[in-house]
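Structure data follow from protein23.txt (compact mmCIF, C-alpha atoms):
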```txt
# COMPACT_ATOMS: atom_id res chain seq x y z
CA MET A 1 -15.43 50.47 -107.97
CA LYS A 2 -14.31 53.83 -106.57
CA LEU A 3 -17.77 55.24 -107.13
CA PHE A 4 -19.24 52.25 -105.29
CA THR A 5 -16.88 52.84 -102.35
CA LEU A 6 -17.91 56.49 -102.17
CA ILE A 7 -21.62 55.68 -102.23
CA LEU A 8 -21.13 52.97 -99.64
CA ALA A 9 -19.26 55.35 -97.36
CA LEU A 10 -21.91 58.04 -97.68
CA VAL A 11 -24.82 55.75 -96.95
CA SER A 12 -23.11 53.74 -94.23
CA CYS A 13 -23.89 56.27 -91.56
CA SER A 14 -27.61 56.40 -92.29
CA TRP A 15 -27.80 52.62 -92.75
CA THR A 16 -26.16 52.04 -89.36
CA ALA A 17 -28.46 54.61 -87.84
CA ASN A 18 -31.54 52.85 -89.17
CA ALA A 19 -30.34 49.51 -87.84
CA ALA A 20 -29.76 51.01 -84.43
CA LEU A 21 -33.11 52.76 -84.58
CA LEU A 22 -34.84 49.46 -85.02
CA SER A 23 -32.88 47.63 -82.37
CA VAL A 24 -33.11 50.11 -79.48
CA ASP A 25 -36.78 49.42 -78.87
CA GLU A 26 -36.34 45.68 -79.19
CA ARG A 27 -33.41 45.69 -76.81
CA ALA A 28 -35.29 47.87 -74.32
CA ASP A 29 -38.30 45.55 -74.47
CA ALA A 30 -36.13 42.48 -73.95
CA MET A 31 -34.33 44.14 -71.08
CA ASN A 32 -37.56 45.24 -69.38
CA ALA A 33 -38.95 41.72 -69.68
CA GLN A 34 -35.77 40.36 -68.14
CA LEU A 35 -35.99 42.80 -65.23
CA GLN A 36 -39.65 42.24 -64.46
CA GLY A 37 -40.22 42.42 -60.72
CA ASN A 38 -36.64 43.43 -60.03
CA ASN A 39 -36.57 46.61 -57.94
CA SER A 40 -32.88 46.80 -57.18
CA TYR A 41 -30.83 49.93 -57.83
CA HIS A 42 -29.20 48.44 -60.94
CA ALA A 43 -32.57 47.36 -62.34
CA HIS A 44 -34.02 50.85 -61.83
CA LEU A 45 -30.93 52.43 -63.39
CA ALA A 46 -31.16 50.07 -66.36
CA ARG A 47 -34.79 51.14 -66.94
CA GLN A 48 -33.92 54.83 -66.57
CA LEU A 49 -31.06 54.56 -69.06
CA ALA A 50 -33.30 52.68 -71.48
CA ASP A 51 -35.80 55.57 -71.17
CA VAL A 52 -33.02 58.01 -72.05
CA ALA A 53 -32.13 55.83 -75.01
CA SER A 54 -35.74 55.94 -76.19
CA ALA A 55 -35.87 59.72 -75.80
CA GLU A 56 -32.67 60.13 -77.79
CA LYS A 57 -33.95 57.75 -80.43
CA ALA A 58 -37.11 59.83 -80.70
CA GLN A 59 -34.87 62.80 -81.46
CA HIS A 60 -33.16 60.66 -84.14
CA ASP A 61 -29.90 60.68 -82.20
CA THR A 62 -29.41 57.00 -82.79
CA ALA A 63 -25.74 56.80 -81.90
CA VAL A 64 -26.46 58.26 -78.48
CA ALA A 65 -29.52 56.04 -78.13
CA LYS A 66 -27.28 53.03 -78.77
CA GLN A 67 -24.76 54.29 -76.25
CA PHE A 68 -27.45 54.57 -73.56
CA ILE A 69 -29.06 51.22 -74.34
CA ASP A 70 -25.58 49.66 -74.08
CA MET A 71 -25.22 51.22 -70.64
CA ALA A 72 -28.73 50.07 -69.72
CA GLU A 73 -27.87 46.50 -70.64
CA GLU A 74 -24.71 46.62 -68.57
CA GLU A 75 -26.74 47.72 -65.55
CA ALA A 76 -29.37 45.06 -66.28
CA ALA A 77 -26.64 42.44 -66.22
CA LYS A 78 -25.54 43.70 -62.79
CA ALA A 79 -29.16 43.56 -61.61
CA GLY A 80 -29.25 39.83 -62.19
CA GLY A 81 -32.46 39.59 -64.18
CA ALA A 82 -36.01 39.01 -63.06
CA GLN A 83 -36.88 38.51 -59.41
CA MET W 1 -8.69 62.09 -106.55
CA MET W 2 -11.76 59.89 -106.37
CA LYS W 3 -9.95 57.62 -103.90
CA ARG W 4 -9.15 60.55 -101.60
CA ILE W 5 -12.75 61.73 -101.67
CA SER W 6 -13.93 58.21 -100.82
CA ILE W 7 -11.57 57.91 -97.86
CA THR W 8 -12.47 61.38 -96.59
CA ALA W 9 -16.18 60.64 -96.89
CA ALA W 10 -15.75 57.33 -95.05
CA LEU W 11 -13.81 59.00 -92.24
CA LEU W 12 -16.37 61.78 -91.97
CA SER W 13 -19.25 59.37 -91.81
CA MET W 14 -17.49 57.30 -89.13
CA THR W 15 -16.85 60.44 -87.09
CA ALA W 16 -20.44 61.56 -87.46
CA CYS W 17 -21.81 58.22 -86.33
CA SER W 18 -19.52 57.66 -83.35
CA THR W 19 -20.24 59.09 -79.90
CA ALA W 20 -17.85 60.50 -77.37
CA PRO W 21 -17.67 58.68 -74.05
CA LEU W 22 -19.79 60.37 -71.38
CA ASN W 23 -17.76 62.67 -69.22
CA ILE W 24 -19.51 63.02 -65.88
CA ASP W 25 -16.46 64.72 -64.38
CA ARG W 26 -17.36 68.06 -65.94
CA ALA W 27 -17.28 71.06 -63.61
CA GLU W 28 -20.95 71.86 -64.34
CA LEU W 29 -21.93 68.54 -62.77
CA ALA W 30 -19.86 68.89 -59.61
CA ASP W 31 -22.80 69.58 -57.29
CA ALA W 32 -24.92 66.77 -58.71
CA ARG W 33 -21.98 64.38 -58.55
CA ALA W 34 -21.33 65.25 -54.91
CA ALA W 35 -25.02 64.88 -54.04
CA ILE W 36 -25.14 61.45 -55.67
CA ALA W 37 -22.02 60.33 -53.81
CA ASP W 38 -23.53 61.67 -50.61
CA ALA W 39 -26.77 59.77 -51.18
CA LYS W 40 -24.86 56.60 -52.00
CA ALA W 41 -22.91 56.93 -48.75
CA ALA W 42 -26.25 57.24 -46.95
CA GLY W 43 -27.31 53.90 -48.39
CA ALA W 44 -29.54 55.22 -51.18
CA GLU W 45 -28.69 52.40 -53.62
CA LYS W 46 -30.18 49.96 -51.16
CA CYS W 47 -32.79 52.04 -49.36
CA ALA W 48 -33.99 54.44 -52.09
CA PRO W 49 -32.92 52.62 -55.26
CA LYS W 50 -35.41 54.21 -57.67
CA LEU W 51 -34.63 57.80 -56.71
CA GLN W 52 -30.90 57.14 -56.74
CA ALA W 53 -31.15 55.50 -60.17
CA GLU W 54 -33.11 58.48 -61.48
CA ALA W 55 -30.40 60.81 -60.15
CA VAL W 56 -27.60 58.83 -61.78
CA ALA W 57 -29.44 58.53 -65.11
CA SER W 58 -30.06 62.29 -65.10
CA LEU W 59 -26.37 62.84 -64.44
CA TYR W 60 -25.38 60.70 -67.42
CA TRP W 61 -27.95 62.38 -69.61
CA ALA W 62 -26.80 65.82 -68.54
CA ALA W 63 -23.20 64.78 -69.26
CA HIS W 64 -24.24 63.80 -72.75
CA GLU W 65 -26.22 66.97 -73.41
CA LEU W 66 -23.38 69.16 -72.18
CA SER W 67 -21.06 67.47 -74.68
CA GLU W 68 -23.26 68.29 -77.64
CA THR W 69 -22.32 71.01 -80.03
CA ASP W 70 -25.88 72.33 -80.41
CA TYR W 71 -25.93 73.59 -76.88
CA HIS W 72 -29.29 73.95 -75.02
CA PRO W 73 -28.47 75.70 -71.75
CA GLU W 74 -31.99 75.44 -70.28
CA GLU W 75 -32.30 71.74 -71.04
CA ASN W 76 -28.84 71.05 -69.66
CA GLN W 77 -29.54 72.99 -66.51
CA GLN W 78 -32.81 71.16 -66.03
CA LEU W 79 -31.11 67.77 -66.31
CA THR W 80 -28.35 68.83 -63.94
CA GLU W 81 -30.90 70.11 -61.42
CA ASP W 82 -32.89 66.89 -61.78
CA ALA W 83 -29.80 64.88 -60.89
CA LEU W 84 -29.09 67.11 -57.90
CA ASN W 85 -32.66 67.15 -56.59
CA LYS W 86 -33.20 63.42 -57.10
CA ALA W 87 -29.96 62.67 -55.27
CA LYS W 88 -31.03 64.87 -52.36
CA ALA W 89 -34.42 63.18 -52.28
CA ALA W 90 -32.73 59.76 -52.44
CA LYS W 91 -30.54 60.62 -49.46
CA LYS W 92 -33.56 61.82 -47.48
CA GLN W 93 -35.57 58.71 -48.36
CA ALA W 94 -32.64 56.43 -47.60
CA LYS W 95 -32.34 57.93 -44.12
CA ILE W 96 -36.00 57.16 -43.51
CA ASN W 97 -36.00 53.70 -45.07
CA CYS W 98 -32.68 52.62 -43.56
CA ALA W 99 -33.30 54.05 -40.10
CA PRO W 100 -32.87 51.31 -37.53
CA LYS W 101 -36.23 50.08 -36.42
CA PRO W 102 -36.98 50.56 -32.74
CA ALA W 103 -36.58 47.44 -30.69
CA PRO W 104 -39.90 45.70 -30.24
CA LYS W 105 -41.50 46.26 -26.88
CA PRO W 106 -41.04 43.28 -24.61
CA ALA W 107 -44.13 41.15 -24.44
CA PRO W 108 -46.09 41.89 -21.31
CA VAL W 109 -45.39 39.33 -18.64
CA LYS W 110 -48.49 37.28 -18.10
CA GLN W 111 -49.59 37.63 -14.54
CA GLU W 112 -49.63 34.42 -12.61
CA ILE W 113 -53.02 33.71 -11.10
CA ILE W 114 -53.72 31.10 -8.47
CA GLU W 115 -57.32 30.12 -9.03
CA LEU W 116 -59.47 29.37 -6.04
CA LYS W 117 -62.01 27.27 -7.87
CA GLY W 118 -65.01 26.42 -5.75
CA VAL W 119 -64.69 29.20 -3.20
CA GLN W 120 -68.26 30.27 -2.51
CA PHE W 121 -70.08 32.63 -0.22
CA GLU W 122 -73.49 32.74 1.34
CA TYR W 123 -76.02 34.45 -0.92
CA ASN W 124 -75.45 38.21 -1.03
CA SER W 125 -72.89 37.88 1.71
CA ALA W 126 -69.14 37.78 2.31
CA THR W 127 -69.41 34.78 4.58
CA LEU W 128 -67.48 31.79 3.24
CA THR W 129 -69.32 28.51 2.87
CA ARG W 130 -67.98 25.41 4.66
CA THR W 131 -66.80 23.82 1.41
CA SER W 132 -64.73 26.88 0.60
CA THR W 133 -62.43 26.52 3.56
CA ALA W 134 -60.81 23.33 2.19
CA ILE W 135 -59.92 25.18 -0.97
CA LEU W 136 -58.54 28.11 0.99
CA ASP W 137 -56.48 25.75 3.15
CA ALA W 138 -54.85 24.48 -0.05
CA ALA W 139 -54.12 28.10 -0.98
CA VAL W 140 -52.52 28.65 2.42
CA GLU W 141 -50.28 25.65 1.76
CA THR W 142 -49.26 27.09 -1.59
CA LEU W 143 -48.39 30.43 -0.02
CA VAL W 144 -46.39 28.75 2.72
CA LYS W 145 -44.42 26.82 0.09
CA ARG W 146 -43.76 30.01 -1.83
CA PRO W 147 -42.68 32.54 0.79
CA ASP W 148 -41.16 34.81 -1.86
CA ILE W 149 -44.45 35.85 -3.41
CA ARG W 150 -47.02 38.47 -2.49
CA VAL W 151 -50.60 38.13 -3.70
CA GLU W 152 -53.63 40.25 -4.30
CA VAL W 153 -56.88 38.59 -3.32
CA ALA W 154 -59.17 39.56 -6.22
CA ALA W 155 -62.93 38.98 -5.95
CA HIS W 156 -65.44 39.23 -8.82
CA THR W 157 -69.22 39.06 -9.06
CA ASP W 158 -71.63 38.38 -11.88
CA SER W 159 -73.74 41.22 -13.30
CA THR W 160 -76.89 40.49 -11.33
CA GLY W 161 -77.83 43.61 -9.34
CA SER W 162 -76.40 47.09 -9.54
CA ALA W 163 -72.76 47.70 -10.37
CA ASP W 164 -72.26 49.66 -7.13
CA TYR W 165 -73.68 46.87 -5.02
CA ASN W 166 -71.56 44.27 -6.85
CA GLN W 167 -68.46 46.39 -6.36
CA GLN W 168 -69.02 46.62 -2.63
CA LEU W 169 -69.89 42.94 -2.38
CA SER W 170 -66.72 41.94 -4.19
CA GLU W 171 -64.62 44.14 -1.91
CA ARG W 172 -66.14 42.53 1.18
CA ARG W 173 -65.61 39.05 -0.24
CA ALA W 174 -61.98 39.78 -1.11
CA ALA W 175 -61.42 41.13 2.40
CA SER W 176 -63.08 38.02 3.83
CA VAL W 177 -60.72 35.68 1.95
CA MET W 178 -57.71 37.79 2.89
CA ALA W 179 -58.75 37.62 6.54
CA TYR W 180 -59.00 33.82 6.32
CA LEU W 181 -55.49 33.58 4.86
CA GLN W 182 -54.13 35.85 7.58
CA GLU W 183 -55.86 33.85 10.30
CA HIS W 184 -54.17 30.73 8.93
CA GLY W 185 -50.65 32.06 9.14
CA ILE W 186 -50.01 34.13 6.05
CA ASP W 187 -48.33 37.40 6.95
CA ALA W 188 -50.47 40.47 6.22
CA SER W 189 -47.53 42.14 4.46
CA ARG W 190 -47.84 39.53 1.72
CA LEU W 191 -51.53 40.16 1.11
CA THR W 192 -53.74 42.84 -0.38
CA SER W 193 -57.37 42.60 -1.36
CA LYS W 194 -59.35 44.18 -4.13
CA GLY W 195 -62.90 43.90 -5.36
CA TYR W 196 -63.50 44.15 -9.09
CA GLY W 197 -67.29 43.92 -8.98
CA GLU W 198 -68.75 42.86 -12.31
CA SER W 199 -66.08 44.70 -14.36
CA GLN W 200 -64.02 41.70 -15.44
CA PRO W 201 -66.33 38.90 -16.56
CA ILE W 202 -64.75 35.76 -18.00
CA ALA W 203 -68.02 34.24 -19.24
CA ASP W 204 -71.46 35.18 -20.52
CA ASN W 205 -73.58 36.81 -17.80
CA SER W 206 -76.80 35.94 -19.64
CA THR W 207 -76.59 32.26 -18.66
CA GLU W 208 -76.53 30.69 -15.21
CA GLU W 209 -73.41 28.77 -16.13
CA GLY W 210 -71.67 31.96 -17.25
CA ARG W 211 -72.70 33.85 -14.12
CA ALA W 212 -71.34 31.04 -11.93
CA LYS W 213 -67.98 31.31 -13.67
CA ASN W 214 -67.93 35.07 -13.22
CA ARG W 215 -68.49 34.80 -9.47
CA ARG W 216 -64.97 33.93 -8.45
CA VAL W 217 -62.01 34.68 -6.22
CA GLU W 218 -58.41 34.39 -7.35
CA LEU W 219 -54.96 35.16 -6.03
CA ARG W 220 -52.96 37.43 -8.34
CA VAL W 221 -49.25 36.90 -7.79
CA LEU W 222 -47.48 40.27 -7.37
CA LYS W 223 -43.91 38.90 -6.84
```
Transcribe the structure of this file into structure tokens.
Amino acid sequence: MKLFTLILALVSCSWTANAALLSVDERADAMNAQLQGNNSYHAHLARQLADVASAEKAQHDTAVAKQFIDMAEEEAAKAGGAQ
Amino acid sequence: MMKRISITAALLSMTACSTAPLNIDRAELADARAAIADAKAAGAEKCAPKLQAEAVASLYWAAHELSETDYHPEENQQLTEDALNKAKAAKKQAKINCAPKPAPKPAPVKQEIIELKGVQFEYNSATLTRTSTAILDAAVETLVKRPDIRVEVAAHTDSTGSADYNQQLSERRAASVMAYLQEHGIDASRLTSKGYGESQPIADNSTEEGRAKNRRVELRVLK
């Protein structure tokens, strides 16, 4: 049981990272689709932050990528979707 | 012992996977921050939204990079400069895009023209035909009823003959009509005359019908 807990703790970081790595692109795609045709400040900022998230993901900094895609989605929500 | 190791490993992994909140209030970002605020005050979010968004995203990214332990001074400086330059560009663009548009020029006032349809002259002459006088008498009545207006008697010819000849003919015809109006009581101070020759056709000079329309006299109201 203790050994299982240790192994789980050690792999949790990389497992979470992989999950985030998969979801950043999907979330960015969904967000971009939602913002299609929207050229407001918040929409542009959402896209820019999603680009940063993708760049960080490419450098395998998945936690930061997630942080930026979270911010991007917040801005997308302020932008009000497609126009 | 095993339990302690497990807890330590779990804590370490949680620490490694978490991210610090972005601190854009760092001293290194002061100039970029000020430039972004300046651009926002100039209306950049509305009038230069893409540039302003690029500036803000660069600021956030720079804030993140500056917080990293594996420090890359050149990369950080580049991101900070990007934020600063984009904000400056956004402010400049906002000033252009948000500049109040000049008031549209007032539409030109359409000049009132009193047509003297049917006024005719003898061929190649400034002598009015008999039928023309009735029309001119009606014009006199109009001018009497409207004592507040001044008019220019404008005469036109068709394009038959030389332009010089037509110009002179139109001037003589305009003067002839003006003289008639004066003789019938219209004060000379309210009248001027001008010949336009063949310069202002209103119909096709290649047909007889068009040429007849172009040979005309009108009163242009000057107010």
Please list as a ChimeraX atom specification every residue within 7 Å of Leu116 (chain W), counting all atoms listed in the file and excluding residues in the same chain fewer than 2 positions away. /W:114,118-119,135,217-218
Tell me, in Å to one decimal, how far CA of Gln93 (chain W) is from CA of Gln52 (chain W).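 These atoms are spaced 9.7 Å apart.
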Non-local contacts of Val153 (chain W) (10 Å; all atoms listed in the file; under 5 positions in same chain excluded) as a compact mmCIF listing (two decimals) with C-alpha atoms, keeping the file's coordinate frame:
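The result, stored in around.txt:
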```txt
# COMPACT_ATOMS: atom_id res chain seq x y z
CA ILE W 113 -53.02 33.71 -11.10
CA ILE W 114 -53.72 31.10 -8.47
CA LEU W 116 -59.47 29.37 -6.04
CA GLU W 171 -64.62 44.14 -1.91
CA ARG W 173 -65.61 39.05 -0.24
CA ALA W 174 -61.98 39.78 -1.11
CA ALA W 175 -61.42 41.13 2.40
CA SER W 176 -63.08 38.02 3.83
CA VAL W 177 -60.72 35.68 1.95
CA MET W 178 -57.71 37.79 2.89
CA LEU W 181 -55.49 33.58 4.86
CA LEU W 191 -51.53 40.16 1.11
CA THR W 192 -53.74 42.84 -0.38
CA SER W 193 -57.37 42.60 -1.36
CA LYS W 194 -59.35 44.18 -4.13
CA GLY W 195 -62.90 43.90 -5.36
CA VAL W 217 -62.01 34.68 -6.22
CA GLU W 218 -58.41 34.39 -7.35
CA LEU W 219 -54.96 35.16 -6.03
CA ARG W 220 -52.96 37.43 -8.34
CA VAL W 221 -49.25 36.90 -7.79
```
Report as a PyMOL selection string all protein, DNA and RNA residues lying within 7 Å of region 40-45 of chain A, evaluated on all atoms listed in the file, omitting residues in the same chain fewer than 6 positions from it. (chain A and resi 75-76+78-79) or (chain W and resi 45-46+49-50+53-54+57)
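Nearest residue to chain W among A:Gln67, A:Gln59, A:Asn38, A:Ser23 is A:Gln67, counting all atoms listed in the file.
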So, with only C-alpha atoms as the atoms that count, which of W:Asn85, W:Asn124, W:Ser67, W:Asn97 lies closest to Ala48 (chain W)? W:Asn97
Take the point (-33.0, 59.9, -51.0) as written in the file and pick out every residue within 7 Å of it, counting all atoms listed in the file; give the list as an NGL selection string. :W and (39 or 44 or 48 or 51-52 or 87-94)
How far is it from CA of Ala30 (chain A) to CA of Ala63 (chain A), in Å with one decimal?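 Between CA of Ala30 (chain A) and CA of Ala63 (chain A) the gap works out to 19.4 Å.
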Enter the distance from CA of Ala30 (chain W) to CA of Lys66 (chain A), in Å, rounded to one decimal. 26.0 Å
If we count all atoms listed in the file, what is near region 69-74 of chain A at a cut-off of 12 Å, once residues fewer than 2 positions away on the same chain are taken out, given as a ChimeraX atom specification? /A:20-21,23-32,34-35,42-57,62-67,76-81 /W:21-22,53,56-57,60-61
Can I get region 70-81 of chain A with all heavy atoms filled in, as a CSV table (one decimal), in the frame of the given file?
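Wrote part_30.csv, looks like this:
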```csv
chain,number,residue,atom,x,y,z
A,70,ASP,N,-26.7,50.5,-74.5
A,70,ASP,CA,-25.6,49.7,-74.1
A,70,ASP,C,-25.4,49.8,-72.6
A,70,ASP,O,-25.2,48.7,-71.9
A,70,ASP,CB,-24.3,50.1,-74.8
A,70,ASP,CG,-24.3,49.7,-76.3
A,70,ASP,OD1,-25.1,48.9,-76.7
A,70,ASP,OD2,-23.4,50.2,-77.0
A,71,MET,N,-25.4,51.0,-72.1
A,71,MET,CA,-25.2,51.2,-70.6
A,71,MET,C,-26.3,50.5,-69.9
A,71,MET,O,-26.1,50.0,-68.8
A,71,MET,CB,-25.2,52.7,-70.3
A,71,MET,CG,-23.9,53.4,-70.8
A,71,MET,SD,-24.2,55.2,-70.9
A,71,MET,CE,-24.3,55.6,-69.1
A,72,ALA,N,-27.6,50.7,-70.4
A,72,ALA,CA,-28.7,50.1,-69.7
A,72,ALA,C,-28.5,48.6,-69.6
A,72,ALA,O,-28.8,48.0,-68.5
A,72,ALA,CB,-30.0,50.4,-70.5
A,73,GLU,N,-28.1,48.0,-70.7
A,73,GLU,CA,-27.9,46.5,-70.6
A,73,GLU,C,-26.8,46.1,-69.7
A,73,GLU,O,-26.9,45.0,-69.0
A,73,GLU,CB,-27.6,46.0,-72.1
A,73,GLU,CG,-28.8,46.0,-72.9
A,73,GLU,CD,-28.6,45.7,-74.4
A,73,GLU,OE1,-27.4,45.8,-74.8
A,73,GLU,OE2,-29.5,45.4,-75.1
A,74,GLU,N,-25.8,46.9,-69.6
A,74,GLU,CA,-24.7,46.6,-68.6
A,74,GLU,C,-25.3,46.6,-67.1
A,74,GLU,O,-25.0,45.8,-66.3
A,74,GLU,CB,-23.6,47.7,-68.7
A,74,GLU,CG,-22.6,47.4,-69.8
A,74,GLU,CD,-21.6,48.5,-69.9
A,74,GLU,OE1,-21.2,49.2,-68.9
A,74,GLU,OE2,-21.1,48.8,-71.0
A,75,GLU,N,-26.1,47.6,-66.9
A,75,GLU,CA,-26.7,47.7,-65.6
A,75,GLU,C,-27.7,46.5,-65.3
A,75,GLU,O,-27.8,46.0,-64.2
A,75,GLU,CB,-27.5,49.0,-65.4
A,75,GLU,CG,-26.6,50.3,-65.3
A,75,GLU,CD,-25.6,50.2,-64.2
A,75,GLU,OE1,-26.0,49.7,-63.1
A,75,GLU,OE2,-24.5,50.7,-64.3
A,76,ALA,N,-28.4,46.2,-66.4
A,76,ALA,CA,-29.4,45.1,-66.3
A,76,ALA,C,-28.6,43.8,-65.9
A,76,ALA,O,-29.1,43.0,-65.1
A,76,ALA,CB,-30.1,44.9,-67.6
A,77,ALA,N,-27.4,43.6,-66.5
A,77,ALA,CA,-26.6,42.4,-66.2
A,77,ALA,C,-26.2,42.4,-64.7
A,77,ALA,O,-26.2,41.4,-64.1
A,77,ALA,CB,-25.4,42.4,-67.1
A,78,LYS,N,-25.9,43.6,-64.2
A,78,LYS,CA,-25.5,43.7,-62.8
A,78,LYS,C,-26.7,43.4,-61.9
A,78,LYS,O,-26.6,42.9,-60.8
A,78,LYS,CB,-25.0,45.1,-62.5
A,78,LYS,CG,-23.7,45.4,-63.1
A,78,LYS,CD,-23.3,46.8,-62.6
A,78,LYS,CE,-22.2,47.4,-63.5
A,78,LYS,NZ,-22.0,48.8,-63.4
A,79,ALA,N,-27.9,43.8,-62.4
A,79,ALA,CA,-29.2,43.6,-61.6
A,79,ALA,C,-29.5,42.1,-61.5
A,79,ALA,O,-30.3,41.7,-60.6
A,79,ALA,CB,-30.3,44.3,-62.2
A,80,GLY,N,-29.0,41.3,-62.3
A,80,GLY,CA,-29.2,39.8,-62.2
A,80,GLY,C,-30.6,39.3,-62.7
A,80,GLY,O,-31.0,38.2,-62.3
A,81,GLY,N,-31.2,40.1,-63.5
A,81,GLY,CA,-32.5,39.6,-64.2
A,81,GLY,C,-33.7,39.7,-63.3
A,81,GLY,O,-33.7,40.4,-62.3
```
